[in-house]
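Chemist: For reference, the structure I am asking about is given below.
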Amino acid sequence: MSFNTALSGLQAATVDLSVTSNNIANVATTGFKGSRTEFGDIFEISPFGNTPTSVGSGVKVTSVSQQFDQGNLKFTDASLDMAVSGQGFFVTNKTLTGTDISYTRAGQFRADNAGYITNSNGEYLQAFPVDASGNVTSTSLNASVPIQLPASTGAPQASTLVDVGVNLDASSTALDPALFDPTASNTYSHSTSTTVYDSLGSSHVLSYYFVHDLPGSATNAANDPNQWVAFTYLDGAEIDIAGGTTINHFNGGVPVAQDAVLMNFNPDGSLASTTPVPVQNLAIALTNGANPLTVTHDFANNGTTQYAAGFSVSTLSSDGYATGRLTGLDISETGLMRATFSNGIATPLGQIAMADFPNPQGLRPIGDTAWRETIDSGAVITGSAGTGRFGLIQSGALETSNVDLTQQLVNLITAQRNFQANARSIETSNTITDTVIQIR
């Protein structure tokens, strides 16, 4: 009996040594979760046994339990390195379209030759789909998809709207719009310009010329001292406003007729009206093969005023943009991944999927710091980082192993002592047995 009891102790100590050695071996493994050996005593008696005089039959390993406490964060220079600060796992899939799902805390991700974000085993990082504004459209695991980086060149967008907010100097000298010539600065009161883009991403200079309308002129029969005329030009050529007022003037000394905008202000300097409404130019045919350009010019909603102060521009921006090079990735703490381009555009790619379980210790380890769902772990719970029970995602960081090396070395000594003590028990039992056998 004592041999079996000591033998169970040797076996348990051997398992403890193996678990501790595995922890020590993985002290530098990213996302590794250490384990501990849990023991239970063996106490076998008959149904009518006398418990006060019964002797135990040894020890057994009841469980090798993984410990999912947080590891330290180590910061890196790679934007695709990610760490979860708090609860939750990254979700990976072995194939692009399959359901071979596993879960990991190791955030060493990279882009493969097709632009998909994968881990070192080639498994695809899963994300929830998002709309153009970055809002998640579904948090179902079945809806999650691999994240693919866009092409290195972002598509352009043609300008359709220009927000214009200016202050026109009420004290400026009134001029006759019929004498306006963009090449002669003394024929207009103020000017400004911005850049717009066509459907091919080519840039064009859009200019505005403002003339403080002279009371009694052909366009100011009402003798309104608070009336202005705005002329629009694209790349130095006049463009007509749909429904605008036709004005005969000059361009480089050459007579031209152009449909312009009338702007009327209230006595307090606020914009009263524009003629026409909305202010939109006729489609401009371009010679570079791009689609005709039609732009709405929004003066009314951007604080355009007429005060007795110097000319100033508060708002002047277009909604279009040129092509852009992929310059980097931006990953928020909630897991929203955006691709940033050199033209200033950021395109949402997806919301990194997070998973958790009612009992993480019930997960089945499959190696490479990954786990799979089991009955003991409970059904997977999915969501976005920073919501519910899920922690936040730290980009440019990795979660180190949660193994405390000092503690493991002490455990190693303890397990060794346990092994030696049980071996001594066998040796002692053997000595007693020899003594009994040698009795004559």
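Residues in the structure tokens are numbered from 1 in each chain, the chains being A, B, ... in the order shown, and ligands are numbered from 1 in the order shown.
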When DSSP works through the backbone of this structure, what residues of stretch 315-425 of chain A end up as helix (DSSP H, G or I), shown as a PyMOL selection string?
Modeler: chain A and resi 360-362+405-425
Chemist: Could you take the residues named above and write them with C-alpha atoms, as a short mmCIF file (atom, residue, chain, number, x, y, z; two decimals), in the first residue's frame?
Modeler:
```cif
data_model
loop_
_atom_site.label_atom_id
_atom_site.label_comp_id
_atom_site.auth_asym_id
_atom_site.auth_seq_id
_atom_site.Cartn_x
_atom_site.Cartn_y
_atom_site.Cartn_z
CA PRO A 360 -12.21 30.80 -20.04
CA GLN A 361 -10.45 28.05 -18.05
CA GLY A 362 -12.66 25.56 -19.86
CA LEU A 405 9.59 33.62 -13.40
CA THR A 406 10.58 33.99 -9.76
CA GLN A 407 7.45 32.22 -8.58
CA GLN A 408 7.96 29.43 -11.12
CA LEU A 409 11.53 28.84 -9.95
CA VAL A 410 10.27 28.49 -6.39
CA ASN A 411 7.57 26.09 -7.64
CA LEU A 412 10.27 24.12 -9.42
CA ILE A 413 12.22 23.68 -6.18
CA THR A 414 9.04 22.71 -4.33
CA ALA A 415 8.08 20.13 -6.96
CA GLN A 416 11.61 18.71 -6.86
CA ARG A 417 11.47 18.40 -3.07
CA ASN A 418 8.10 16.66 -3.34
CA PHE A 419 9.56 14.21 -5.84
CA GLN A 420 12.57 13.53 -3.59
CA ALA A 421 10.35 13.06 -0.54
CA ASN A 422 8.13 10.54 -2.31
CA ALA A 423 11.20 8.72 -3.62
CA ARG A 424 12.46 8.54 -0.05
CA SER A 425 9.08 7.07 0.99
#
```
Chemist: Within 9 Å of stretch 322-342 of chain A, which residues of stretch 158-276 of chain A come that close, and what is the closest atom pair and distance in Å for each? Count only C-alpha atoms and give it as a tab-separated table.
Modeler:
```
residue	atom	partner	partner_atom	distance
A:Ala158	CA	A:Ala322	CA	8.1
A:Val196	CA	A:Ala322	CA	9.0
A:Tyr197	CA	A:Ala322	CA	6.4
A:Asp198	CA	A:Ala322	CA	8.2
A:Ser199	CA	A:Ala322	CA	8.7
A:Leu200	CA	A:Ala322	CA	7.7
A:Gly201	CA	A:Ala322	CA	4.1
A:Ser202	CA	A:Ala322	CA	6.4
A:Ser203	CA	A:Ala322	CA	7.2
```
Chemist: Using only C-alpha atoms, what table do you get, as a Markdown table, when you list each residue of stretch 173-256 of chain A with an atom no more than 6 Å from stretch 264-288 of chain A, its nearest pair of atoms, and their distance in Å rounded to one decimal, rows by chain then rising number?
Modeler:
```
| residue | atom | partner | partner_atom | distance |
| --- | --- | --- | --- | --- |
| A:Asn226 | CA | A:Phe265 | CA | 5.3 |
| A:Gln227 | CA | A:Asn264 | CA | 4.6 |
| A:Asp240 | CA | A:Asn281 | CA | 5.5 |
| A:Ile241 | CA | A:Asn281 | CA | 4.0 |
| A:Ala242 | CA | A:Asn281 | CA | 5.3 |
| A:Gly243 | CA | A:Pro276 | CA | 5.8 |
| A:Gly244 | CA | A:Pro276 | CA | 5.7 |
```
Chemist: Output N, CA and C atoms for every residue in that selection, as a tab-separated table (two decimals), in the first residue's frame.
Modeler:
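File written: selection26.tsv
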```tsv
chain	number	residue	atom	x	y	z
A	226	ASN	N	-26.08	97.37	-49.84
A	226	ASN	CA	-25.64	96.10	-49.24
A	226	ASN	C	-25.69	94.95	-50.24
A	227	GLN	N	-25.55	95.26	-51.52
A	227	GLN	CA	-25.58	94.22	-52.54
A	227	GLN	C	-24.17	93.99	-53.09
A	240	ASP	N	-20.47	79.73	-65.48
A	240	ASP	CA	-21.80	80.30	-65.27
A	240	ASP	C	-22.52	79.60	-64.12
A	241	ILE	N	-23.27	80.40	-63.38
A	241	ILE	CA	-24.13	79.89	-62.32
A	241	ILE	C	-25.51	79.65	-62.89
A	242	ALA	N	-26.05	78.47	-62.65
A	242	ALA	CA	-27.38	78.13	-63.16
A	242	ALA	C	-28.42	79.08	-62.56
A	243	GLY	N	-29.14	79.80	-63.42
A	243	GLY	CA	-30.15	80.75	-62.95
A	243	GLY	C	-29.56	82.05	-62.47
A	244	GLY	N	-28.25	82.28	-62.69
A	244	GLY	CA	-27.61	83.50	-62.24
A	244	GLY	C	-27.96	84.71	-63.09
```
Chemist: Enumerate, as a PDB file with C-alpha atoms, in the first residue's frame, the complete set of residues in stretch 320-427 of chain A that a backbone-based DSSP assignment places in strand (DSSP E).
Modeler:
```
ATOM      1  CA  GLY A 324      -3.783  59.147 -52.274  1.00  0.00           C
ATOM      2  CA  ARG A 325      -1.067  56.723 -51.256  1.00  0.00           C
ATOM      3  CA  LEU A 326      -1.682  54.380 -48.353  1.00  0.00           C
ATOM      4  CA  THR A 327       0.383  55.902 -45.569  1.00  0.00           C
ATOM      5  CA  GLY A 328      -0.610  53.850 -42.579  1.00  0.00           C
ATOM      6  CA  LEU A 329      -3.208  52.243 -40.363  1.00  0.00           C
ATOM      7  CA  ASP A 330      -4.987  53.752 -37.435  1.00  0.00           C
ATOM      8  CA  ILE A 331      -6.440  51.391 -34.824  1.00  0.00           C
ATOM      9  CA  LEU A 336     -11.935  50.365 -35.290  1.00  0.00           C
ATOM     10  CA  MET A 337      -9.310  50.002 -38.003  1.00  0.00           C
ATOM     11  CA  ARG A 338      -8.895  52.773 -40.580  1.00  0.00           C
ATOM     12  CA  ALA A 339      -6.580  53.033 -43.571  1.00  0.00           C
ATOM     13  CA  THR A 340      -5.090  56.518 -43.902  1.00  0.00           C
ATOM     14  CA  PHE A 341      -4.039  57.999 -47.229  1.00  0.00           C
ATOM     15  CA  ALA A 346      -9.269  57.731 -43.689  1.00  0.00           C
ATOM     16  CA  THR A 347     -11.283  54.713 -44.830  1.00  0.00           C
ATOM     17  CA  PRO A 348     -12.857  52.384 -42.196  1.00  0.00           C
ATOM     18  CA  LEU A 349     -11.856  48.762 -42.804  1.00  0.00           C
ATOM     19  CA  GLY A 350     -13.658  46.996 -39.961  1.00  0.00           C
ATOM     20  CA  GLN A 351     -14.131  46.670 -36.215  1.00  0.00           C
ATOM     21  CA  ILE A 352     -11.814  44.050 -34.750  1.00  0.00           C
ATOM     22  CA  MET A 354     -13.596  40.369 -29.711  1.00  0.00           C
ATOM     23  CA  ALA A 355     -14.694  37.159 -28.002  1.00  0.00           C
ATOM     24  CA  ASP A 356     -15.063  36.030 -24.414  1.00  0.00           C
ATOM     25  CA  ARG A 364      -9.111  23.787 -24.989  1.00  0.00           C
ATOM     26  CA  PRO A 365      -5.548  24.850 -25.772  1.00  0.00           C
ATOM     27  CA  ILE A 366      -4.458  23.905 -29.299  1.00  0.00           C
ATOM     28  CA  GLY A 367      -0.933  25.316 -29.239  1.00  0.00           C
ATOM     29  CA  ALA A 370      -4.601  29.681 -29.201  1.00  0.00           C
ATOM     30  CA  TRP A 371      -7.712  28.077 -27.755  1.00  0.00           C
ATOM     31  CA  ARG A 372     -10.970  26.574 -28.939  1.00  0.00           C
ATOM     32  CA  ILE A 381     -19.774  35.930 -26.386  1.00  0.00           C
ATOM     33  CA  THR A 382     -18.833  38.424 -29.101  1.00  0.00           C
ATOM     34  CA  GLY A 383     -18.678  42.202 -29.173  1.00  0.00           C
ATOM     35  CA  LEU A 392      -9.632  47.932 -24.788  1.00  0.00           C
ATOM     36  CA  ILE A 393      -7.205  47.327 -27.641  1.00  0.00           C
ATOM     37  CA  GLN A 394      -3.762  48.896 -27.483  1.00  0.00           C
ATOM     38  CA  SER A 395      -2.183  49.308 -30.910  1.00  0.00           C
ATOM     39  CA  ALA A 397       1.847  46.907 -28.088  1.00  0.00           C
ATOM     40  CA  LEU A 398       1.985  43.213 -27.217  1.00  0.00           C
ATOM     41  CA  GLU A 399       0.813  41.365 -24.123  1.00  0.00           C
TER      42      GLU A 399
END
```
Chemist: For A:Ala309, which residue among A:Tyr209, A:Thr195, A:Val166, A:Asp404 is the nearest when counting only C-alpha atoms?
Modeler: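 Nearest to A:Ala309: A:Val166.
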Chemist: What lies within 8 Å of A:Gly115 using only C-alpha atoms, ignoring chain neighbours under 3 positions off, as a PyMOL selection string?
Modeler: chain A and resi 111-112+148-150
Chemist: Hey, which of A:Gly396, A:Gly252, A:Thr428, A:Pro292 ends up closest to A:Ala184? Count only C-alpha atoms.
Modeler: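 Among the listed residues, A:Gly252 lies closest to A:Ala184.
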Chemist: Compare A:Pro156, A:Pro215, A:Gly391, A:Pro129 by their minimum atom-to-atom distance to A:Gln70, counting only C-alpha atoms, and give me the closest one.
Modeler: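 Checking each of A:Pro156, A:Pro215, A:Gly391, A:Pro129 against A:Gln70, counting only C-alpha atoms, the winner is A:Gly391.
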